[in-house]
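Visitor: One structure follows; several queries about it will come next.
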Amino acid sequence: EEIGAHFPKAETLLEATSKANNANAVNVSVEAYAEVMNAVAGPQADNYHRPDELALAHKQASKRALMAFDEVANFGNRKGILDARNTVLAKIEKDYEVFISLNAGRNPLLGFETYILPTVIAAVSYFLRFIADFSCSSWSQTCRAGSEVLSHVYMVVFFFLLIVASTKAKQVSELFNRIKAAILVLSDGGDKKNIKRD
């Protein structure tokens with residue numbers, strides 16, 4: 001059994017420099033990727049992008065990152081360079097998952113199913129009650145009972161939506177602001193077209 005200190009495997013100056021250069025190339029390329037993607041879907045970005053738009057930005061950012069890698073990692077052991085390149089690709093894929101998640105959180109339609117289904121149920125109930133009240137005679141117990149059930153259904157749904165809206169007041173407010181901004185952009189575009197025609 002050997003006693004004493006265990007030293008790391010001796011490397012030539014070229015190998016050590018190549019390793020340091022590859023590590024630097026990994027950092028530079030990951031930063032190049034993050035710079036492009038942060039502008040599109042990072043924490044400070046405001047707009048939601050469709051998945052295909054985000055995938056295109058990811059493709060362009062990945063290409064830029066690998067170009068940055070190739071500019072820096074250009075000497076030394078070929079296997080070391082390939083390993084470093086694979087590290088970059090793995091980090092890029094991991095970061096892309098984060099950007100997908102951040103972008104999904106900005107989707108203005110996210111959570112709309114919470115409102116759409118109950119709203120449809122309430123609208124159908126209200127419509128059926130209107131038909132029942134309009135078409136049935138006042139002496140029919142069945143019509144009256146059906147009308148009351150339908151009125152209870154849309155009132156329950158109304159209060160459910162009210163409770164959901166109050167718990168998500170900030171999100172609802174942001175949603176209305178987005179809709180308002182979209183309407184303003186569309187109306188300004190229309191006004192400009194009318195001005196040009198005149």
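Naming works like this for the structure tokens: A, B, ... for the chains as they're shown, residue 1 at the start of each chain, ligands 1 onward in shown order.
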Report as an MDAnalysis selection string all protein, DNA and RNA residues lying within 9 Å of Val153 (chain A), evaluated on only C-alpha atoms, omitting residues in the same chain fewer than 2 positions from it.

Guide: chainID A and resid 121:122 125:126 148:151 155:158

Visitor: When distances are computed from only C-alpha atoms, which of A:Ala32, A:Ala90, A:Leu82, A:Leu54 shows the smallest separation from Met67 (chain A)?

Guide: A:Ala32

Visitor: Find the distance between CA of Asn74 (chain A) and CA of Glu35 (chain A) and write it in Å to one decimal.

Guide: 22.5 Å

Visitor: Using DSSP secondary structure from the backbone, list all helix (DSSP H, G or I) positions within region 36-125 of chain A, as a PyMOL selection string.

Guide: chain A and resi 36-41+51-72+78-104+113-125

Visitor: Would you work out the distance separating CA of Leu110 (chain A) from CA of Tyr96 (chain A), expressed in Å to one decimal?

Guide: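 Distance reported for this atom pair: 19.7 Å.
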
Visitor: For Gln60 (chain A), which of A:Met37, A:Ile81, A:Glu113, A:Asp95 is the closest residue, counting only C-alpha atoms?

Guide: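 That would be A:Met37, the residue with the smallest distance to Gln60 (chain A).
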
Visitor: What is the CA of Arg106 (chain A)-CA of Thr87 (chain A) distance in Å, reported with one decimal?

Guide: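 Taking CA of Arg106 (chain A) as the start and CA of Thr87 (chain A) as the end point, the length is 29.4 Å.
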
Visitor: With only C-alpha atoms as the basis for distance, which of A:Arg144, A:Lys180, A:Lys19, A:His152 is at the shortest distance from Gly76 (chain A)?

Guide: A:Lys19

Visitor: Return the single residue from A:Leu184, A:Cys136, A:Ala34, A:Ala16 that is closest to Phe75 (chain A), with distances computed using only C-alpha atoms.

Guide: A:Ala16

Visitor: Pick out the residues sitting within 10 Å of Tyr115 (chain A), and hand them over as an NGL selection string; count only C-alpha atoms, and ignore anything fewer than 2 positions along from it in its own chain.

Guide: :A and (111-113 or 117-120 or 157 or 160-161 or 164-165)

Visitor: Ranking A:Arg64, A:Lys94, A:Arg78, A:Arg129 by minimum distance to Val36 (chain A) and counting only C-alpha atoms, which one comes first?

Guide: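 Nearest candidate to Val36 (chain A) out of A:Arg64, A:Lys94, A:Arg78, A:Arg129: A:Arg64.
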
Visitor: Let me make sure I understand: among A:Ala68, A:Ser29, A:Ile100, A:Ile116, which one has the smallest atom-to-atom distance to Glu53 (chain A) if we use only C-alpha atoms?

Guide: A:Ile100
